[in-house]
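Asker: Take this structure, written in structure tokens, and hold onto it; I'll ask about it next.
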Amino acid sequence: MNLPLLLRPIFSRAFLFLYLLGIVSSIVTVPDYKDAHMYDNAPLELFLDVYVLCAVLCLIPKALRIGKRSLPLRTMAKGVVYAVAYPLYIIDTFCWVKFGATLNPSMLLLMGETNSNEAGEFLSTYITPDIIISDVGWFLLIGLLHIACAVLWKRLAGGRLPRIQCFPQSARGRMAWHTAGSLPVAALLVWAGCTSIENKELYLHTMTRETIGEVEHDLAVRPHTEMYQPAMRLAFSIYSNELIAKQLTRLKETTKDVRADSCDVKSPDIVLIIGESFNKRHAQLYGYDKPNMPNQTRLMKHRRLTRFDDVVSPWNLTSFVFKHLMTTYCVGDDKDWCDYPLFCQIFRKAGYQVNFFTNQFLPQAKEAVYDFSGGFFINDPEMSEVQFDVRNDRLHVFDEDLLKDFERALPDSMRAHTTKPQLTIFHLMGQHVNYRIRCPHSKKKWTADDYPDDTDLSGKKKTVMADYDNAVWYNDSVVNQIIERFKRRDAIVIYLSDHGEEVFGKGARHFFGRMHNADITKRLADEEFRIPMWIYCSTLYSRNHPDVVKAVREARKKPYMTDALPHLLMGLAGIHCPYYKPKYDLLSPQYDATRKRILKNTTDYDKL
């Protein structure tokens, strides 16, 4: 069949079956929640992608002569494409069926860390006969159809099946047919190119970023690239792992020479609670009209808890915040965060036992890119070993279950009699979206009916508002349970949120969440960067350390940014080391209250 160049890529089995694989993949990997749908431009962009691939295959010579031998070059190239495509689609869909996530950086990382025994257990657990009747079966069926068509075509070409003449024999007829067929294909290619160029540019931009944090930020803003095919997701996962490998290499080099010269153990028990997505305007502790923080408010009235009034976070992305919180790097310092020591390692070098309980940063197949970005340097086995003595190994729907991990890992008898100073970190899910599932249904206090004065909000938005306040209410009970476990010890407890959150505030009554691609205005900074922070001192701690209690109360109105938190913690512990800088320590007489608080490395908060 003598086809014009423009039509040759389409009239091939490669185009038909690769396009079919792509469309089926786009359909079966649609999330199972309301309003979820296939990527809108998938049919057109897939047409363009498969067309270009098949055009390249058509340009490859059919055969390559080497002496008297002839190698079927084009057939071999197609075989390589099929050998990659079919397993990739099957693996991607298998991951979706079994783990609720397609190929992603975390999954690739977990695969790389799996040994032969673990691989054997995985295969025996998950490769079961019922996989054939799942969505994976569609790709097996397409493969069988592909083989059947190839066999039929071979028989047709060998004359064992009758040929059907479908095309005109005359030159004029062939010319008319070529023109009639080429024009629609050309128009479709132009259309597909115009609708797909933005996504291609966004994908290229994401795949040329220099750090995993920049990649995450690209995916947090809108519009962002739609990685609608397994090949795109695999390439992205490989690239993301390469980026974290570079930062891990630098961080591991930094850890080799970390030292603590001495430690006064000024605070035998230091507890750090890191909350999530806490809008200060929705905190009873700061004057909100809903009583959603009764326990913390009570502690403040009894002068056990000191509220800090002017605290901001350097970023509104958890992963960026954690890289600042966990290292001694502060905004404005030379080099990058991964060139600075991890404060938990410094504490261990100083003689502290470091306990870490997180309900967000644990490696799992379904891990989102922002958790992957924020937790890779915490979950890397070597980095985890240098930072923590004790940590949990599971995630929970509700934060109070994290306390059960704490009790299992550190039984009362051990905590009551140990003489070793301890730093214990709790990283909560807090008010992380989806707010509705951040509070057990039986403990919810507010509904949409409790917001009658918000007449400009729809009933649906009021429900979201109620869900958020219920999450704050539940968070208060979890935090109080943590305090209860330390109130009879010589303990100081610091609470702060990683960042703020939009919750239908003034100037953004239509919106909740975070605006990652917006300019930082005063309103946005107040909603997304200004955060609650407080310090609690137990009765025993207040009696033993009146100087610290005094310093805490005197510092409550000072401007502060949480990237400097490790220096505050090292000051509380009495650690002497080259990395501690008193100018960053909020409780130090040398604290620099005039330091610029730069948000997202671009905006001076105090000039807003």
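Letters A, B, ... go to the chains of the structure tokens in the order shown; residues in each chain start at 1; ligands are counted from 1 in the same order.
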For Cys338 of chain A, work out the shell of residues within 10 Å, counting only C-alpha atoms and skipping chain neighbours fewer than 6 positions away, then give it as a list in words.
Answerer: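 Residues meeting the cut-off are Lys246, Gln247, Leu248, Thr249, Arg250, Leu251, Lys252, Glu253, Thr254, Thr255, Lys323, His324, Thr327, Thr328, Tyr329 and Phe377 of chain A.
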Asker: Selected residues, C-alpha atoms, written as a PDB file, in the first residue's frame, please.
Answerer:
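See selection09.pdb below for the written result:
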ATOM      1  CA  LYS A 246      22.387  15.319  44.887  1.00  0.00           C
ATOM      2  CA  GLN A 247      21.085  17.048  48.015  1.00  0.00           C
ATOM      3  CA  LEU A 248      21.464  13.905  50.100  1.00  0.00           C
ATOM      4  CA  THR A 249      25.069  13.599  48.998  1.00  0.00           C
ATOM      5  CA  ARG A 250      25.782  17.150  50.168  1.00  0.00           C
ATOM      6  CA  LEU A 251      23.885  16.614  53.413  1.00  0.00           C
ATOM      7  CA  LYS A 252      25.732  13.374  54.143  1.00  0.00           C
ATOM      8  CA  GLU A 253      29.036  15.130  53.595  1.00  0.00           C
ATOM      9  CA  THR A 254      27.929  17.760  56.112  1.00  0.00           C
ATOM     10  CA  THR A 255      27.014  15.128  58.729  1.00  0.00           C
ATOM     11  CA  LYS A 323      14.200  21.813  55.466  1.00  0.00           C
ATOM     12  CA  HIS A 324      14.543  25.032  57.458  1.00  0.00           C
ATOM     13  CA  THR A 327      18.724  22.174  59.803  1.00  0.00           C
ATOM     14  CA  THR A 328      20.652  25.056  61.323  1.00  0.00           C
ATOM     15  CA  TYR A 329      20.317  26.972  58.057  1.00  0.00           C
ATOM     16  CA  PHE A 377      16.244  13.504  54.146  1.00  0.00           C
TER      17      PHE A 377
END
Asker: Can you tell me which residues surround segment 576-580 of chain A at a distance of at most 8 Å, considering only C-alpha atoms, apart from same-chain residues fewer than 2 positions away, and format the answer as a ChimeraX atom specification?
Answerer: /A:259-263,328,341,567,570-571,574,582
Asker: Determine the nearest neighbour of His282 of chain A from the options A:Leu5, A:Leu608, A:Val503, A:Val56, counting only C-alpha atoms.
Answerer: A:Val503
Asker: When distances are computed from only C-alpha atoms, which of A:Asp40, A:Glu501, A:Glu407, A:Asp310 shows the smallest separation from Ile23 of chain A?
Answerer: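 Checking each of A:Asp40, A:Glu501, A:Glu407, A:Asp310 against Ile23 of chain A, counting only C-alpha atoms, the winner is A:Asp40.
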Asker: With segment 563-566 of chain A as the partner and 12 Å as the cut-off, tabulate the residues of segment 303-347 of chain A that qualify, each row holding the nearest pair of atoms and their distance in Å to one decimal, using only C-alpha atoms, sorted by chain and rising number, as a Markdown table.
Answerer:
| residue | atom | partner | partner_atom | distance |
| --- | --- | --- | --- | --- |
| A:Val311 | CA | A:Asp563 | CA | 10.6 |
| A:Val312 | CA | A:Asp563 | CA | 9.2 |
| A:Ser313 | CA | A:Asp563 | CA | 7.2 |
| A:Pro314 | CA | A:Asp563 | CA | 6.6 |
| A:Trp315 | CA | A:Asp563 | CA | 9.3 |
| A:Phe320 | CA | A:Asp563 | CA | 10.0 |
| A:Val321 | CA | A:Asp563 | CA | 7.3 |
| A:Phe322 | CA | A:Asp563 | CA | 8.7 |
| A:Lys323 | CA | A:Asp563 | CA | 8.7 |
| A:His324 | CA | A:Asp563 | CA | 5.0 |
| A:Leu325 | CA | A:Asp563 | CA | 5.5 |
| A:Met326 | CA | A:Pro566 | CA | 7.1 |
| A:Thr327 | CA | A:Pro566 | CA | 7.0 |
| A:Thr328 | CA | A:Pro566 | CA | 5.9 |
| A:Tyr329 | CA | A:Asp563 | CA | 7.4 |
| A:Cys330 | CA | A:Asp563 | CA | 5.4 |
| A:Val331 | CA | A:Asp563 | CA | 7.0 |
| A:Gly332 | CA | A:Asp563 | CA | 10.4 |
| A:Asp333 | CA | A:Asp563 | CA | 11.0 |
| A:Trp337 | CA | A:Asp563 | CA | 10.4 |
| A:Tyr340 | CA | A:Pro566 | CA | 11.5 |
| A:Pro341 | CA | A:Pro566 | CA | 10.3 |
| A:Leu342 | CA | A:Pro566 | CA | 8.8 |
| A:Phe343 | CA | A:Pro566 | CA | 6.0 |
| A:Cys344 | CA | A:Pro566 | CA | 8.7 |
| A:Gln345 | CA | A:Pro566 | CA | 11.2 |
| A:Ile346 | CA | A:Pro566 | CA | 9.8 |
| A:Phe347 | CA | A:Pro566 | CA | 10.0 |
Asker: Extract, using only C-alpha atoms, all DNA, RNA and protein residues at most 10 Å from segment 145-148 of chain A, discarding same-chain residues fewer than 2 positions from it, and format them as a compact mmCIF listing (two decimals) with N, CA, C and O atoms, in the first residue's frame.
Answerer:
# COMPACT_ATOMS: atom_id res chain seq x y z
N ARG A 13 0.07 -0.83 12.93
CA ARG A 13 -0.38 -1.44 14.16
C ARG A 13 0.19 -0.71 15.37
O ARG A 13 -0.45 -0.61 16.42
N ALA A 14 1.40 -0.19 15.23
CA ALA A 14 2.04 0.51 16.34
C ALA A 14 1.18 1.68 16.80
O ALA A 14 0.93 1.86 18.00
N LEU A 16 -2.08 2.20 16.30
CA LEU A 16 -3.38 1.75 16.82
C LEU A 16 -3.25 1.26 18.25
O LEU A 16 -4.00 1.69 19.15
N PHE A 17 -2.28 0.41 18.53
CA PHE A 17 -2.22 -0.22 19.85
C PHE A 17 -1.56 0.69 20.89
O PHE A 17 -1.93 0.65 22.07
N LEU A 18 -0.60 1.51 20.49
CA LEU A 18 -0.02 2.45 21.45
C LEU A 18 -1.05 3.50 21.85
O LEU A 18 -1.11 3.91 23.02
N PHE A 139 -4.91 -4.36 29.77
CA PHE A 139 -3.65 -4.26 29.04
C PHE A 139 -3.18 -5.63 28.57
O PHE A 139 -2.56 -5.76 27.52
N LEU A 140 -3.49 -6.65 29.36
CA LEU A 140 -3.20 -8.01 28.90
C LEU A 140 -4.06 -8.36 27.70
O LEU A 140 -3.58 -8.98 26.73
N LEU A 141 -5.32 -7.92 27.71
CA LEU A 141 -6.22 -8.16 26.58
C LEU A 141 -5.74 -7.43 25.33
O LEU A 141 -5.75 -7.99 24.22
N ILE A 142 -5.32 -6.17 25.51
CA ILE A 142 -4.81 -5.40 24.36
C ILE A 142 -3.58 -6.09 23.78
O ILE A 142 -3.40 -6.16 22.56
N GLY A 143 -2.72 -6.63 24.64
CA GLY A 143 -1.54 -7.34 24.17
C GLY A 143 -1.90 -8.57 23.35
O GLY A 143 -1.29 -8.84 22.31
N ALA A 150 -1.07 -9.15 14.56
CA ALA A 150 0.23 -9.35 13.92
C ALA A 150 0.25 -10.67 13.16
O ALA A 150 0.77 -10.75 12.04
N VAL A 151 -0.33 -11.72 13.74
CA VAL A 151 -0.38 -13.02 13.08
C VAL A 151 -1.25 -12.95 11.83
O VAL A 151 -0.87 -13.44 10.75
N LEU A 152 -2.42 -12.32 11.93
CA LEU A 152 -3.31 -12.18 10.78
C LEU A 152 -2.64 -11.38 9.67
O LEU A 152 -2.75 -11.70 8.48
N TRP A 153 -1.93 -10.31 10.04
CA TRP A 153 -1.27 -9.47 9.04
C TRP A 153 -0.17 -10.26 8.31
O TRP A 153 0.03 -10.12 7.11
N LYS A 154 0.56 -11.09 9.09
CA LYS A 154 1.62 -11.89 8.48
C LYS A 154 1.05 -12.88 7.48
O LYS A 154 1.61 -13.10 6.41
Asker: Could you check how far atom CA of Asp399 of chain A sits from atom CA of Ala573 of chain A, in Å to one decimal?
Answerer: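 Spanning atom CA of Asp399 of chain A to atom CA of Ala573 of chain A is a straight-line distance of 27.1 Å.
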Asker: Pull the helix (DSSP H, G or I) assignments for segment 248-433 of chain A out of DSSP run on the backbone, and list those residues as a PyMOL selection string.
Answerer: chain A and resi 248-255+280-282+284-286+294-301+318-325+337-339+343-349+369-379+381-387+400-409+412-417
Asker: Give me every strand (DSSP E) residue in segment 22-145 of chain A, going by DSSP on the backbone, as number ranges by chain.
Answerer: A: 64-66, 69-71
Asker: Kindly save the residues from that selection, with C-alpha atoms included, as a PDB file, in the first residue's frame.
Answerer:
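The file below, out38.pdb, is the result:
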ATOM      1  CA  LEU A  64      20.179  -2.927   7.480  1.00  0.00           C
ATOM      2  CA  ARG A  65      22.490  -5.050   5.349  1.00  0.00           C
ATOM      3  CA  ILE A  66      25.646  -6.316   7.024  1.00  0.00           C
ATOM      4  CA  ARG A  69      22.916 -10.679   6.264  1.00  0.00           C
ATOM      5  CA  SER A  70      19.946  -8.347   6.565  1.00  0.00           C
ATOM      6  CA  LEU A  71      18.796  -7.070   9.957  1.00  0.00           C
TER       7      LEU A  71
END
Asker: Near Ala471 of chain A, within 12 Å and counting only C-alpha atoms, which residues show up once chain neighbours fewer than 3 positions away are dropped, as number ranges by chain?
Answerer: A: 275-279, 282-283, 292-293, 398-399, 428-441, 443-446, 464-468, 474-478
Asker: Can I get the selection written as a short mmCIF file (atom, residue, chain, number, x, y, z; two decimals), in the first residue's frame, with N, CA, C and O atoms?
Answerer:
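What landed in selection.cif:
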data_model
loop_
_atom_site.label_atom_id
_atom_site.label_comp_id
_atom_site.auth_asym_id
_atom_site.auth_seq_id
_atom_site.Cartn_x
_atom_site.Cartn_y
_atom_site.Cartn_z
N GLY A 275 2.63 21.56 64.20
CA GLY A 275 1.28 21.45 63.66
C GLY A 275 1.27 21.63 62.15
O GLY A 275 2.32 21.73 61.51
N GLU A 276 0.10 21.69 61.59
CA GLU A 276 -0.04 21.74 60.13
C GLU A 276 -1.18 22.66 59.73
O GLU A 276 -2.29 22.55 60.23
N SER A 277 -0.87 23.60 58.84
CA SER A 277 -1.90 24.43 58.17
C SER A 277 -2.81 25.15 59.15
O SER A 277 -4.03 25.10 59.02
N PHE A 278 -2.24 25.85 60.11
CA PHE A 278 -3.03 26.50 61.16
C PHE A 278 -3.20 27.98 60.84
O PHE A 278 -2.24 28.76 60.87
N ASN A 279 -4.44 28.37 60.56
CA ASN A 279 -4.77 29.78 60.32
C ASN A 279 -4.92 30.47 61.67
O ASN A 279 -5.81 30.14 62.45
N HIS A 282 -8.18 31.68 63.04
CA HIS A 282 -9.14 30.68 63.52
C HIS A 282 -8.69 30.04 64.84
O HIS A 282 -9.10 28.92 65.16
N ALA A 283 -7.84 30.75 65.58
CA ALA A 283 -7.34 30.22 66.85
C ALA A 283 -7.96 30.97 68.02
O ALA A 283 -7.79 32.18 68.15
N ASN A 292 -12.56 26.93 70.10
CA ASN A 292 -12.00 25.70 69.52
C ASN A 292 -10.64 25.31 70.10
O ASN A 292 -10.03 24.35 69.65
N MET A 293 -10.15 26.07 71.11
CA MET A 293 -8.88 25.71 71.76
C MET A 293 -9.03 25.84 73.28
O MET A 293 -8.27 26.57 73.92
N PHE A 398 -5.96 9.57 62.29
CA PHE A 398 -6.12 10.63 63.29
C PHE A 398 -4.85 10.75 64.15
O PHE A 398 -4.22 9.75 64.48
N ASP A 399 -4.54 11.97 64.52
CA ASP A 399 -3.29 12.26 65.21
C ASP A 399 -3.18 11.61 66.58
O ASP A 399 -2.07 11.32 67.05
N LEU A 428 2.36 16.51 63.55
CA LEU A 428 0.94 16.16 63.40
C LEU A 428 0.42 16.46 61.99
O LEU A 428 0.98 17.28 61.26
N MET A 429 -0.71 15.82 61.66
CA MET A 429 -1.42 16.19 60.43
C MET A 429 -2.24 17.46 60.66
O MET A 429 -2.54 18.19 59.73
N GLY A 430 -2.63 17.70 61.91
CA GLY A 430 -3.29 18.95 62.27
C GLY A 430 -4.49 19.28 61.43
O GLY A 430 -5.44 18.52 61.35
N GLN A 431 -4.42 20.44 60.74
CA GLN A 431 -5.54 20.92 59.92
C GLN A 431 -5.24 20.78 58.43
O GLN A 431 -5.75 21.54 57.60
N HIS A 432 -4.40 19.83 58.08
CA HIS A 432 -4.07 19.60 56.67
C HIS A 432 -5.34 19.23 55.90
O HIS A 432 -6.14 18.45 56.37
N VAL A 433 -5.49 19.84 54.71
CA VAL A 433 -6.66 19.47 53.91
C VAL A 433 -6.56 17.98 53.57
O VAL A 433 -5.46 17.46 53.37
N ASN A 434 -7.63 17.32 53.55
CA ASN A 434 -9.03 17.59 53.64
C ASN A 434 -9.46 17.72 55.11
O ASN A 434 -9.34 16.80 55.90
N TYR A 435 -9.96 18.92 55.49
CA TYR A 435 -10.31 19.19 56.89
C TYR A 435 -11.35 18.22 57.43
O TYR A 435 -11.36 17.88 58.61
N ARG A 436 -12.23 17.78 56.56
CA ARG A 436 -13.35 16.93 56.99
C ARG A 436 -12.88 15.66 57.68
O ARG A 436 -13.55 15.16 58.60
N ILE A 437 -11.73 15.14 57.26
CA ILE A 437 -11.25 13.88 57.84
C ILE A 437 -10.17 14.10 58.89
O ILE A 437 -9.49 13.16 59.28
N ARG A 438 -10.00 15.32 59.36
CA ARG A 438 -9.00 15.61 60.38
C ARG A 438 -9.58 15.57 61.80
O ARG A 438 -8.88 15.81 62.76
N CYS A 439 -10.87 15.27 61.90
CA CYS A 439 -11.51 15.15 63.21
C CYS A 439 -12.48 13.97 63.17
O CYS A 439 -13.28 13.88 62.22
N PRO A 440 -12.41 13.06 64.12
CA PRO A 440 -13.38 11.95 64.14
C PRO A 440 -14.81 12.48 64.16
O PRO A 440 -15.10 13.49 64.81
N HIS A 441 -15.68 11.82 63.46
CA HIS A 441 -17.06 12.28 63.34
C HIS A 441 -17.73 12.43 64.71
O HIS A 441 -18.48 13.38 64.96
N LYS A 443 -16.50 13.39 67.39
CA LYS A 443 -15.97 14.50 68.17
C LYS A 443 -16.23 15.86 67.54
O LYS A 443 -15.76 16.88 68.06
N LYS A 444 -16.96 15.89 66.44
CA LYS A 444 -17.20 17.17 65.77
C LYS A 444 -18.17 18.03 66.57
O LYS A 444 -19.14 17.53 67.15
N LYS A 445 -17.91 19.32 66.57
CA LYS A 445 -18.65 20.25 67.43
C LYS A 445 -19.49 21.23 66.62
O LYS A 445 -20.56 21.64 67.05
N TRP A 446 -19.03 21.63 65.42
CA TRP A 446 -19.71 22.66 64.64
C TRP A 446 -20.21 22.13 63.31
O TRP A 446 -19.65 21.20 62.74
N VAL A 464 -17.27 23.68 54.99
CA VAL A 464 -15.81 23.61 54.99
C VAL A 464 -15.25 24.37 56.19
O VAL A 464 -14.32 23.91 56.87
N MET A 465 -15.83 25.54 56.47
CA MET A 465 -15.41 26.35 57.62
C MET A 465 -15.61 25.56 58.92
O MET A 465 -14.75 25.55 59.81
N ALA A 466 -16.75 24.90 59.04
CA ALA A 466 -17.03 24.11 60.24
C ALA A 466 -16.04 22.95 60.35
O ALA A 466 -15.56 22.64 61.45
N ASP A 467 -15.73 22.31 59.22
CA ASP A 467 -14.76 21.22 59.23
C ASP A 467 -13.40 21.71 59.72
O ASP A 467 -12.72 21.01 60.48
N TYR A 468 -13.03 22.91 59.29
CA TYR A 468 -11.73 23.45 59.71
C TYR A 468 -11.72 23.71 61.22
O TYR A 468 -10.77 23.35 61.93
N TYR A 474 -10.18 19.43 67.50
CA TYR A 474 -9.59 18.11 67.72
C TYR A 474 -8.09 18.23 67.97
O TYR A 474 -7.52 17.55 68.84
N ASN A 475 -7.43 19.11 67.21
CA ASN A 475 -6.00 19.32 67.38
C ASN A 475 -5.69 19.78 68.82
O ASN A 475 -4.70 19.36 69.41
N ASP A 476 -6.57 20.62 69.37
CA ASP A 476 -6.39 21.08 70.74
C ASP A 476 -6.38 19.91 71.72
O ASP A 476 -5.59 19.87 72.67
N SER A 477 -7.27 18.94 71.49
CA SER A 477 -7.33 17.79 72.40
C SER A 477 -6.09 16.92 72.27
O SER A 477 -5.58 16.37 73.27
N VAL A 478 -5.56 16.77 71.04
CA VAL A 478 -4.35 15.96 70.84
C VAL A 478 -3.15 16.63 71.51
O VAL A 478 -2.37 15.99 72.21
#
Asker: Point out the residue among A:Met533, A:Thr463, A:Leu403, A:Ile132 with the least atom-to-atom distance to Thr447 of chain A, counting only C-alpha atoms.
Answerer: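 The shortest atom-to-atom distance to Thr447 of chain A comes from A:Thr463.
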Asker: Please provide the set of residues having any atom within 8 Å of segment 490-494 of chain A, restricted to only C-alpha atoms, with same-chain residues fewer than 4 positions apart removed, written as a PyMOL selection string.
Answerer: chain A and resi 267-273+483+486+533-541+544
Asker: Atoms to include: C-alpha atoms. Write the selected residues as a compact mmCIF listing (two decimals), in the first residue's frame.
Answerer:
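Result saved to part.txt:
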# COMPACT_ATOMS: atom_id res chain seq x y z
CA SER A 267 16.29 21.49 79.84
CA PRO A 268 16.15 17.73 80.51
CA ASP A 269 12.92 17.26 78.54
CA ILE A 270 12.33 19.33 75.41
CA VAL A 271 9.16 18.62 73.44
CA LEU A 272 8.54 20.10 70.00
CA ILE A 273 5.05 19.85 68.48
CA ILE A 483 1.17 18.04 77.42
CA PHE A 486 4.96 15.69 80.23
CA MET A 533 3.32 29.59 68.39
CA TRP A 534 3.53 29.09 72.14
CA ILE A 535 5.80 27.69 74.84
CA TYR A 536 4.54 25.67 77.80
CA CYS A 537 6.58 25.13 80.97
CA SER A 538 5.62 22.43 83.45
CA THR A 539 5.38 23.30 87.14
CA LEU A 540 8.63 21.48 87.86
CA TYR A 541 10.37 23.19 84.95
CA ASN A 544 13.88 24.68 88.29
Asker: So the first atom is atom CA of Val81 of chain A and the second is atom CA of Ser237 of chain A; what is the distance between them in Å, to one decimal place?
Answerer: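 Spanning atom CA of Val81 of chain A to atom CA of Ser237 of chain A is a straight-line distance of 19.8 Å.
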